[in-house]
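Below: model.txt (compact mmCIF, C-alpha atoms and all ligand atoms)
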```txt
# COMPACT_ATOMS: atom_id res chain seq x y z
CA MET A 1 135.17 144.89 -18.12
CA ARG A 2 136.22 141.61 -19.67
CA PRO A 3 133.39 139.05 -19.37
CA PRO A 4 134.42 135.58 -18.20
CA LEU A 5 133.02 132.52 -19.95
CA PRO A 6 129.74 131.68 -18.16
CA ARG A 7 130.27 128.92 -15.56
CA THR A 8 127.31 126.95 -16.84
CA GLY A 9 125.57 126.87 -20.17
CA ALA A 10 122.37 128.73 -20.99
CA ALA A 11 119.23 127.59 -22.77
CA TRP A 12 119.33 128.12 -26.54
CA THR A 13 115.97 129.92 -26.48
CA ASP A 14 117.39 132.47 -24.03
CA LEU A 15 120.51 132.94 -26.11
CA LYS A 16 118.48 133.41 -29.25
CA ALA A 17 116.47 136.14 -27.56
CA ARG A 18 119.64 137.83 -26.34
CA MET A 19 121.14 137.81 -29.82
CA ALA A 20 117.96 139.32 -31.25
CA ASP A 21 118.37 141.97 -28.59
CA TYR A 22 121.93 142.68 -29.66
CA ALA A 23 120.78 142.92 -33.28
CA ALA A 24 118.27 145.64 -32.38
CA GLY A 25 121.14 148.13 -32.64
CA ASP A 26 122.11 147.00 -36.15
CA VAL A 27 120.95 148.58 -39.38
CA ALA A 28 117.58 147.17 -40.46
CA TRP A 29 118.94 146.11 -43.86
CA ARG A 30 115.95 143.97 -44.82
CA ASP A 31 113.86 147.14 -45.25
CA GLY A 32 116.16 148.24 -48.11
CA ARG A 33 117.60 151.33 -46.42
CA THR A 34 121.13 149.95 -46.29
CA ALA A 35 123.24 150.33 -49.45
CA VAL A 36 126.63 149.06 -48.25
CA TYR A 37 127.89 145.80 -46.70
CA VAL A 38 124.79 143.70 -47.51
CA PHE A 39 123.52 142.40 -50.86
CA ASN A 40 119.81 141.87 -50.52
CA ALA A 41 118.24 139.69 -53.19
CA GLY A 42 115.13 139.03 -51.14
CA PRO A 43 113.89 136.43 -48.65
CA GLU A 44 113.82 133.48 -51.07
CA VAL A 45 117.52 133.71 -51.85
CA GLU A 46 118.25 134.28 -48.16
CA GLN A 47 116.47 131.06 -47.30
CA VAL A 48 118.38 129.06 -49.91
CA GLN A 49 121.67 130.51 -48.58
CA LYS A 50 120.80 129.57 -45.02
CA GLU A 51 119.55 126.06 -45.60
CA ALA A 52 122.32 125.16 -48.05
CA TYR A 53 124.92 126.57 -45.65
CA ALA A 54 123.53 124.56 -42.73
CA LEU A 55 123.66 121.31 -44.75
CA PHE A 56 127.46 121.46 -45.01
CA GLN A 57 128.46 123.74 -42.16
CA SER A 58 130.51 121.05 -40.39
CA GLU A 59 132.19 119.73 -43.51
CA ASN A 60 135.67 120.96 -44.42
CA GLY A 61 136.83 121.95 -47.89
CA LEU A 62 140.41 121.26 -46.75
CA GLY A 63 139.68 117.57 -47.29
CA PRO A 64 138.53 116.93 -50.87
CA VAL A 65 139.16 113.20 -50.48
CA ALA A 66 136.91 113.03 -47.41
CA PHE A 67 134.35 115.39 -48.90
CA PRO A 68 134.12 114.86 -52.66
CA SER A 69 130.75 116.64 -52.42
CA LEU A 70 132.47 119.95 -51.64
CA LYS A 71 135.11 119.42 -54.33
CA ARG A 72 132.35 118.78 -56.84
CA MET A 73 130.41 121.88 -55.78
CA GLU A 74 133.56 124.02 -55.85
CA ASP A 75 134.41 122.77 -59.35
CA ASP A 76 130.87 123.57 -60.51
CA VAL A 77 130.93 127.10 -59.06
CA VAL A 78 134.39 127.84 -60.48
CA GLY A 79 133.18 126.46 -63.80
CA PHE A 80 130.15 128.78 -63.76
CA ALA A 81 132.45 131.75 -63.07
CA LEU A 82 134.95 130.79 -65.77
CA SER A 83 132.26 130.39 -68.41
CA LEU A 84 130.57 133.67 -67.49
CA LEU A 85 133.94 135.41 -67.77
CA HIS A 86 134.97 133.94 -71.17
CA ALA A 87 137.84 131.89 -69.82
CA PRO A 88 139.61 129.47 -72.20
CA ASP A 89 139.27 125.70 -71.71
CA GLU A 90 142.56 125.40 -69.83
CA ALA A 91 141.55 128.04 -67.24
CA ALA A 92 141.22 127.12 -63.56
CA GLY A 93 140.40 128.61 -60.19
CA ASN A 94 139.26 128.15 -56.62
CA ILE A 95 136.70 129.36 -54.12
CA THR A 96 138.28 131.56 -51.46
CA SER A 97 136.94 133.17 -48.29
CA GLY A 98 136.42 136.57 -49.94
CA GLY A 99 137.82 139.21 -52.23
CA THR A 100 140.79 139.97 -50.01
CA ASP A 101 141.74 136.28 -50.02
CA SER A 102 141.32 136.08 -53.81
CA ILE A 103 143.47 139.17 -54.38
CA THR A 104 146.15 138.06 -51.94
CA MET A 105 146.42 134.65 -53.56
CA ALA A 106 146.40 136.04 -57.11
CA LEU A 107 149.28 138.30 -56.09
CA LYS A 108 151.14 135.40 -54.47
CA ALA A 109 150.79 133.48 -57.74
CA ALA A 110 151.92 136.48 -59.82
CA ARG A 111 154.93 137.08 -57.58
CA ASP A 112 156.02 133.45 -57.66
CA PHE A 113 155.47 133.38 -61.42
CA ALA A 114 157.65 136.49 -61.85
CA ARG A 115 160.38 134.90 -59.73
CA LYS A 116 160.43 131.83 -61.90
CA ALA A 117 159.59 133.16 -65.36
CA ARG A 118 161.29 136.57 -65.22
CA GLY A 119 163.88 136.20 -62.49
CA VAL A 120 162.35 138.93 -60.30
CA THR A 121 164.04 137.88 -57.06
CA GLY A 122 164.79 141.32 -55.57
CA PRO A 123 162.31 143.99 -54.45
CA ALA A 124 159.07 143.69 -56.43
CA ASN A 125 156.27 146.17 -57.11
CA ILE A 126 152.73 146.31 -58.41
CA VAL A 127 151.17 149.15 -60.41
CA ILE A 128 147.52 149.86 -59.61
CA PRO A 129 145.05 152.69 -60.16
CA ARG A 130 144.39 155.01 -57.21
CA SER A 131 140.85 153.59 -57.00
CA ALA A 132 141.98 149.97 -56.53
CA HIS A 133 140.85 148.20 -53.36
CA PRO A 134 143.05 148.33 -50.22
CA ALA A 135 143.21 144.52 -50.35
CA PHE A 136 146.14 145.00 -52.76
CA ASP A 137 147.98 147.10 -50.17
CA LYS A 138 147.26 144.52 -47.47
CA ALA A 139 148.58 141.71 -49.66
CA CYS A 140 151.65 143.80 -50.53
CA ALA A 141 152.23 144.57 -46.85
CA LEU A 142 152.24 140.83 -46.14
CA MET A 143 154.61 140.04 -49.01
CA GLU A 144 156.77 143.18 -48.75
CA ILE A 145 155.91 144.31 -52.26
CA GLU A 146 155.90 148.02 -53.16
CA VAL A 147 152.55 149.48 -54.24
CA ARG A 148 152.55 152.15 -56.93
CA ARG A 149 149.12 153.82 -56.90
CA ILE A 150 148.69 155.84 -60.06
CA ALA A 151 146.47 158.93 -60.37
CA LEU A 152 143.16 158.54 -62.22
CA VAL A 153 141.91 160.34 -65.31
CA ASP A 154 138.16 161.02 -65.17
CA PHE A 155 137.92 158.56 -62.23
CA LEU A 156 139.43 155.76 -64.34
CA ALA A 157 142.78 153.98 -64.50
CA ASP A 158 145.32 155.76 -66.71
CA PRO A 159 147.05 153.06 -68.82
CA ALA A 160 149.70 155.46 -70.16
CA ALA A 161 150.76 156.57 -66.69
CA MET A 162 150.69 152.96 -65.49
CA ALA A 163 152.95 152.02 -68.40
CA THR A 164 155.44 154.66 -67.28
CA ALA A 165 155.31 153.44 -63.67
CA ALA A 166 155.86 149.76 -64.52
CA ASP A 167 159.39 148.41 -64.72
CA ALA A 168 161.33 145.15 -64.77
CA ALA A 169 160.37 144.46 -61.12
CA THR A 170 156.61 144.89 -61.68
CA VAL A 171 154.94 141.58 -60.85
CA MET A 172 151.33 142.71 -61.45
CA ILE A 173 149.25 145.51 -62.93
CA VAL A 174 145.62 145.89 -61.95
CA GLY A 175 142.37 147.15 -63.40
CA SER A 176 139.02 147.10 -61.59
CA ALA A 177 135.74 145.96 -63.12
CA PRO A 178 134.35 148.08 -61.61
CA ASN A 179 136.26 150.03 -58.97
CA PHE A 180 134.56 150.37 -55.60
CA PRO A 181 134.70 154.16 -54.97
CA TYR A 182 132.93 155.14 -58.22
CA GLY A 183 131.48 151.90 -59.59
CA LEU A 184 133.23 152.51 -62.92
CA MET A 185 134.86 149.97 -65.23
CA ASP A 186 138.53 150.73 -65.81
CA PRO A 187 139.77 150.64 -69.45
CA ILE A 188 140.66 146.96 -69.23
CA ALA A 189 141.25 146.54 -73.00
CA ALA A 190 144.00 149.19 -72.91
CA LEU A 191 145.51 147.58 -69.80
CA SER A 192 145.40 144.23 -71.57
CA ASP A 193 147.30 145.74 -74.54
CA LEU A 194 149.87 147.11 -72.10
CA ALA A 195 150.19 143.73 -70.39
CA ILE A 196 150.78 141.98 -73.70
CA ALA A 197 153.23 144.59 -75.03
CA ARG A 198 155.35 144.47 -71.86
CA ASP A 199 154.72 140.85 -70.81
CA LEU A 200 153.11 141.96 -67.53
CA TRP A 201 150.62 140.03 -65.37
CA LEU A 202 147.25 141.83 -65.54
CA HIS A 203 144.82 141.05 -62.73
CA VAL A 204 141.25 142.23 -63.23
CA ASP A 205 139.60 142.89 -59.89
CA ALA A 206 135.98 142.00 -60.65
CA CYS A 207 135.22 141.37 -56.98
CA VAL A 208 132.14 143.57 -57.11
CA GLY A 209 131.43 143.26 -60.85
CA GLY A 210 132.18 139.68 -61.86
CA PHE A 211 128.71 138.37 -61.13
CA ILE A 212 126.72 141.38 -62.29
CA ALA A 213 128.46 142.72 -65.42
CA PRO A 214 127.86 139.57 -67.56
CA PHE A 215 124.11 139.68 -66.83
CA VAL A 216 123.81 143.44 -67.33
CA ARG A 217 125.40 142.89 -70.72
CA MET A 218 122.95 140.06 -71.49
CA ASN A 219 120.19 142.50 -70.53
CA GLY A 220 121.36 144.79 -73.34
CA ALA A 221 123.87 147.25 -71.87
CA ALA A 222 127.06 147.94 -73.85
CA ILE A 223 129.62 146.67 -71.33
CA ALA A 224 133.12 146.89 -72.82
CA PRO A 225 135.25 143.72 -72.72
CA PHE A 226 136.78 143.32 -69.26
CA ASP A 227 137.41 139.61 -68.69
CA PHE A 228 139.41 136.66 -70.08
CA GLU A 229 138.18 137.46 -73.59
CA LEU A 230 141.05 140.00 -73.45
CA ALA A 231 144.24 138.02 -73.99
CA GLY A 232 146.31 140.06 -71.52
CA VAL A 233 144.15 139.13 -68.51
CA ARG A 234 145.97 136.45 -66.52
CA SER A 235 143.90 136.38 -63.32
CA MET A 236 140.60 137.67 -61.96
CA SER A 237 138.82 137.94 -58.63
CA ALA A 238 135.00 137.77 -58.50
CA ASP A 239 133.13 137.69 -55.20
CA LEU A 240 130.26 135.24 -54.80
CA HIS A 241 129.16 137.01 -51.61
CA LYS A 242 128.56 140.29 -53.43
CA TYR A 243 126.45 140.34 -56.62
CA GLY A 244 126.49 136.53 -56.70
CA TYR A 245 124.08 136.81 -53.70
CA CYS A 246 125.79 133.86 -51.99
CA ALA A 247 126.40 133.53 -48.26
CA LYS A 248 129.33 135.53 -46.89
CA GLY A 249 132.78 133.99 -46.94
CA ALA A 250 132.85 133.14 -50.65
CA SER A 251 134.75 134.53 -53.63
CA THR A 252 136.46 133.08 -56.68
CA VAL A 253 140.06 133.52 -57.83
CA LEU A 254 140.50 132.59 -61.48
CA PHE A 255 143.52 132.03 -63.72
CA ARG A 256 143.91 131.86 -67.49
CA SER A 257 145.49 128.40 -67.14
CA GLU A 258 145.95 125.59 -64.65
CA GLU A 259 149.67 126.20 -65.07
CA LEU A 260 149.29 129.74 -63.68
CA ARG A 261 146.94 128.57 -60.89
CA ARG A 262 149.63 126.21 -59.69
CA PHE A 263 151.77 129.18 -58.63
CA MET A 264 149.08 129.94 -56.03
CA VAL A 265 148.96 126.53 -54.37
CA PHE A 266 150.94 125.98 -51.17
CA ASP A 267 152.25 122.45 -50.89
CA PHE A 268 154.09 121.60 -47.68
CA LYS A 269 155.31 118.45 -46.02
CA ASP A 270 158.32 119.33 -43.83
CA TRP A 271 156.58 118.77 -40.46
CA PRO A 272 155.30 115.71 -38.59
CA GLY A 273 151.69 116.17 -39.73
CA GLY A 274 152.17 114.93 -43.26
CA ARG A 275 151.69 116.68 -46.57
CA MET A 276 149.24 119.57 -46.61
CA VAL A 277 148.15 121.13 -49.88
CA THR A 278 146.14 124.36 -49.64
CA PRO A 279 145.15 126.38 -52.70
CA THR A 280 144.02 129.52 -50.83
CA LEU A 281 144.98 131.45 -47.71
CA ALA A 282 142.79 129.30 -45.48
CA GLY A 283 143.56 125.94 -43.96
CA THR A 284 140.13 124.81 -42.88
CA ARG A 285 137.61 125.87 -45.54
CA PRO A 286 133.98 126.20 -44.43
CA GLY A 287 131.86 123.72 -46.36
CA GLY A 288 128.79 125.91 -45.88
CA ALA A 289 130.20 128.81 -47.86
CA ILE A 290 130.81 126.43 -50.78
CA SER A 291 127.45 124.65 -50.59
CA ALA A 292 125.53 127.91 -50.22
CA ALA A 293 127.28 129.32 -53.29
CA TRP A 294 126.49 126.21 -55.29
CA ALA A 295 122.85 126.25 -54.22
CA VAL A 296 122.22 129.97 -54.83
CA MET A 297 123.83 129.87 -58.28
CA ASN A 298 121.79 126.85 -59.32
CA PHE A 299 118.66 128.35 -57.73
CA LEU A 300 118.94 131.57 -59.74
CA GLY A 301 120.47 130.38 -63.02
CA VAL A 302 121.06 132.85 -65.84
CA ALA A 303 117.39 133.86 -65.92
CA GLY A 304 117.28 134.53 -62.17
CA TYR A 305 120.47 136.58 -62.21
CA ARG A 306 119.31 138.60 -65.21
CA GLU A 307 116.10 139.43 -63.39
CA LYS A 308 117.84 140.40 -60.12
CA GLN A 309 120.51 142.46 -61.89
CA ALA A 310 117.86 144.26 -63.96
CA LEU A 311 116.29 145.43 -60.68
CA VAL A 312 119.71 146.69 -59.58
CA THR A 313 120.38 148.63 -62.78
CA ASP A 314 116.79 150.00 -62.80
CA ALA A 315 117.33 151.29 -59.27
CA ARG A 316 120.66 152.81 -60.29
CA ALA A 317 119.12 154.55 -63.34
CA THR A 318 116.20 155.89 -61.28
CA ILE A 319 118.51 157.21 -58.59
CA ALA A 320 121.04 158.64 -61.07
CA ALA A 321 118.30 160.57 -62.86
CA GLY A 322 116.75 161.66 -59.55
CA VAL A 323 119.96 162.99 -58.04
CA GLU A 324 120.80 164.86 -61.23
CA ALA A 325 117.38 166.50 -61.06
CA LEU A 326 118.35 167.58 -57.53
CA GLY A 327 121.48 169.28 -58.87
CA PHE A 328 124.03 166.57 -58.13
CA THR A 329 126.61 165.27 -60.59
CA VAL A 330 127.06 161.53 -60.95
CA LEU A 331 130.79 160.74 -61.12
CA GLY A 332 131.51 159.17 -64.51
CA ALA A 333 128.97 156.90 -66.20
CA PRO A 334 128.30 153.93 -63.92
CA GLN A 335 126.74 150.91 -65.66
CA LEU A 336 126.35 148.42 -62.82
CA GLY A 337 125.14 148.64 -59.21
CA ILE A 338 127.41 151.27 -57.66
CA LEU A 339 127.20 155.01 -58.14
CA ALA A 340 128.70 158.06 -56.44
CA PHE A 341 127.35 161.59 -56.78
CA THR A 342 128.29 165.00 -55.52
CA ARG A 343 127.35 168.67 -55.39
CA ALA A 344 130.13 171.17 -54.94
CA ASP A 345 127.99 173.57 -52.89
CA VAL A 346 126.90 171.11 -50.17
CA ASP A 347 128.78 169.01 -47.66
CA CYS A 348 127.97 165.47 -48.77
CA VAL A 349 129.14 164.00 -45.47
CA ALA A 350 126.59 166.23 -43.71
CA LEU A 351 123.95 164.95 -46.13
CA TRP A 352 125.01 161.41 -45.30
CA ALA A 353 124.43 162.11 -41.61
CA ARG A 354 120.95 163.59 -42.19
CA LEU A 355 119.95 160.60 -44.31
CA ARG A 356 121.14 158.34 -41.54
CA GLU A 357 118.57 159.97 -39.26
CA ARG A 358 115.92 158.67 -41.66
CA GLY A 359 117.30 155.14 -41.53
CA TRP A 360 119.53 155.22 -44.63
CA PHE A 361 122.91 153.60 -44.09
CA THR A 362 124.98 154.20 -47.20
CA GLY A 363 128.58 154.92 -48.16
CA VAL A 364 130.71 157.91 -49.00
CA THR A 365 133.44 158.52 -51.54
CA THR A 366 136.12 161.00 -50.51
CA GLU A 367 137.73 162.23 -53.77
CA PRO A 368 135.64 164.31 -54.26
CA LYS A 369 133.38 164.13 -51.21
CA SER A 370 130.32 162.28 -52.52
CA LEU A 371 127.48 160.04 -51.52
CA HIS A 372 128.05 156.42 -52.50
CA LEU A 373 125.43 153.70 -53.02
CA MET A 374 125.99 150.00 -53.63
CA LEU A 375 122.56 148.87 -54.74
CA SER A 376 120.75 145.54 -54.44
CA PRO A 377 117.56 144.27 -56.08
CA ILE A 378 115.58 145.47 -53.03
CA HIS A 379 116.48 149.08 -53.84
CA ALA A 380 114.22 149.08 -56.89
CA GLN A 381 111.40 149.26 -54.33
CA VAL A 382 112.81 152.17 -52.33
CA ALA A 383 114.56 154.33 -54.94
CA HIS A 384 111.83 156.98 -54.87
CA ALA A 385 111.72 157.02 -51.07
CA TYR A 386 115.49 157.56 -51.06
CA LEU A 387 115.22 160.47 -53.49
CA ALA A 388 112.48 162.07 -51.39
CA ASP A 389 114.61 161.82 -48.26
CA LEU A 390 117.64 163.11 -50.16
CA ALA A 391 115.62 166.17 -51.23
CA TRP A 392 114.64 166.69 -47.58
CA ALA A 393 118.25 166.29 -46.40
CA LEU A 394 119.45 168.73 -49.03
CA GLU A 395 116.99 171.35 -47.78
CA THR A 396 117.98 170.89 -44.15
CA VAL A 397 121.72 170.93 -44.87
CA GLN A 398 121.83 173.90 -47.25
CA GLY A 399 122.94 176.88 -45.23
CA ALA A 400 123.04 174.90 -41.96
CA ALA A 401 126.19 174.11 -40.00
CA ALA A 402 127.45 170.63 -40.84
CA PRO A 403 126.74 168.02 -38.18
CA GLU A 404 129.45 165.62 -37.10
CA ALA A 405 129.42 162.43 -39.13
CA ARG A 406 130.85 159.04 -38.33
CA TYR A 407 130.44 156.62 -41.16
CA SER A 408 132.90 153.84 -40.42
C1 LIG A 501 134.72 144.12 -51.93
C2 LIG A 501 135.87 144.35 -52.82
C3 LIG A 501 137.11 143.75 -52.58
C4 LIG A 501 137.42 142.96 -51.33
O1 LIG A 501 136.53 141.93 -51.09
P1 LIG A 501 136.21 141.37 -49.62
O2 LIG A 501 135.31 140.24 -49.90
O3 LIG A 501 135.56 142.50 -48.86
O4 LIG A 501 137.51 140.96 -49.00
C5 LIG A 501 138.09 143.94 -53.52
N1 LIG A 501 137.89 144.69 -54.60
C6 LIG A 501 136.73 145.31 -54.86
C7 LIG A 501 136.57 146.13 -56.09
C8 LIG A 501 135.67 145.16 -53.97
O5 LIG A 501 134.52 145.80 -54.19
```

Now, as a test, write the supplied structure out as structure tokens.
Ligand SMILES: *Cc1c(COP(=O)(O)O)cnc(C)c1O
Amino acid sequence: MRPPLPRTGAAWTDLKARMADYAAGDVAWRDGRTAVYVFNAGPEVEQVQKEAYALFQSENGLGPVAFPSLKRMEDDVVGFALSLLHAPDEAAGNITSGGTDSITMALKAARDFARKARGVTGPANIVIPRSAHPAFDKACALMEIEVRRIALVDFLADPAAMATAADAATVMIVGSAPNFPYGLMDPIAALSDLAIARDLWLHVDACVGGFIAPFVRMNGAAIAPFDFELAGVRSMSADLHKYGYCAKGASTVLFRSEELRRFMVFDFKDWPGGRMVTPTLAGTRPGGAISAAWAVMNFLGVAGYREKQALVTDARATIAAGVEALGFTVLGAPQLGILAFTRADVDCVALWARLRERGWFTGVTTEPKSLHLMLSPIHAQVAHAYLADLAWALETVQGAAAPEARYS
């Protein structure tokens, strides 16, 4: 039944208790047994997020003249992202509400650029690897652009096949750094070569990698070039609310030049409300998401991020070795915080369901059916507990009928 708005207000203490009650049915992510949806960098970072968010939660990023504070914090955060990702001096960007917003707006810019620079005024298309995020399909649905999803080779984008699929109406090609289903870095250098050779717009989707890969590299891992250091990369998306450990509702969309960024901006004045200039999909932009991002990034600094991301990669290495000892195969060679692993002789979705009984809420990958983990610093503390429960689940599932699983 549809509940009506209560006739009179309730006391805040009562409401707080009721919300805590509602939350009792949620995953207990603070204990580290959730490896999807939440990025858990510990209680200190959570506190900084919360307090910094509250300080500017009523302020509106739509009004940079009224709130120069938010403009300043946005410029700082975008600057941090651009320098981490080797952007040239003339590069520019904005904070958006999330990866989907960043991808949608990058595509809007690329489409408008193609209209102007290459005369693509008829039906347009984009060429993306099969593992690219559905945000590209959503953006293309909105803009009536055809999506050409190209089969992977060894779970990675296939630049040769993408070259064949691209044509004069291709307004964007995409590589992921890393992709979500496998946590693997696409061959961005080869895609960059393709982009340069054919004058195509390459977008690197670093939504889940942009704020971890640079620090993992600083920590000593051999991460291949994937960002603006490759000349063919024209735009990138990097989510603050993922491995940036910022409050939710914050991502960055970045362009090689201010000139390219301008194709994103919507500037409108043909109505009685006066001129409205909005860089991203949003009108009103929550000040709290911007201030929380600014505060968390300054709170952690390079040293803090390196430390947090080392915990993530330690957890990943421990779990990768542990699952291989249990007879699983890790898909590809993940270097960051996501891994997927499978065993041909067991139903991984059934395993997922058994692990859920022990409090683990994780992900699955479907091609092939695999278990999927998106790890946070907290998981360094529970990696061995996970492996023990995985061994238990494996024993109970082997030979047993598969239970029904609902994972989304
Ligand atoms: C999370 C993610 C997105 C979408 O970001 P949202 O913030 O969920 O909208 C896009 N691409 C990749 C690779 C992602 O992991």

Go through the chains and note each residue within 6 Å of ligand LIG 501 (chain A), using all atoms listed in the file, then give the set as a list in words.
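Listed by chain and ascending number, the contacts are Gly98, Gly99, Thr100, His133, Asn179, Phe180, Asp205, Cys207 and Val208 of chain A.
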
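Here atom CA of A:Ile212 is placed at a distance of 28.8 Å from atom CA of A:Thr278.
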
Interatomic distance (Å, one decimal) between atom CA of A:Gly210 and atom CA of A:Asp75
17.2 Å

In file coordinates, which residues lie within 9 Å of (135.0, 126.7, -47.0) using only C-alpha atoms, given as a list of chain:residue names?
A:Gln57, A:Glu59, A:Asn60, A:Gly61, A:Leu62, A:Leu70, A:Ile95, A:Thr96, A:Ser97, A:Gly249, A:Ala250, A:Ala282, A:Thr284, A:Arg285, A:Pro286, A:Gly287, A:Gly288, A:Ala289, A:Ile290, A:Ser291

Neighbouring residues of A:Ala92 were defined as those with any atom within 12 Å, considering only C-alpha atoms; residues of the same chain fewer than 4 positions away were excluded. Please report them as a PyMOL selection string.
chain A and resi 74-83+85-88+228+234-236+252-264+279

Top pick for closest residue to A:Ser370, considering A:Asp112, A:Asp347, A:Glu51, A:Asp239 and counting all atoms listed in the file:
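Checking each candidate against A:Ser370, we get A:Asp347 as the closest.
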
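Between atom CA of A:Gly363 and atom CA of A:Pro43 lies a distance of 23.6 Å.
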
Need the shell around stretch 168-178 of chain A: protein/DNA/RNA residues with any atom at most 9 Å away, counting only C-alpha atoms. Skip same-chain ones fewer than 5 positions apart. Format as a PyMOL selection string?
chain A and resi 107+110-115+118+120-129+131-133+157+162+183-188+191+195+200-210+213+226-227+334+336+338

Counting all atoms listed in the file, the option among A:Val36, A:Cys246, A:Ile196, A:Leu394 closest to A:Tyr305
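Closest candidate: A:Cys246.
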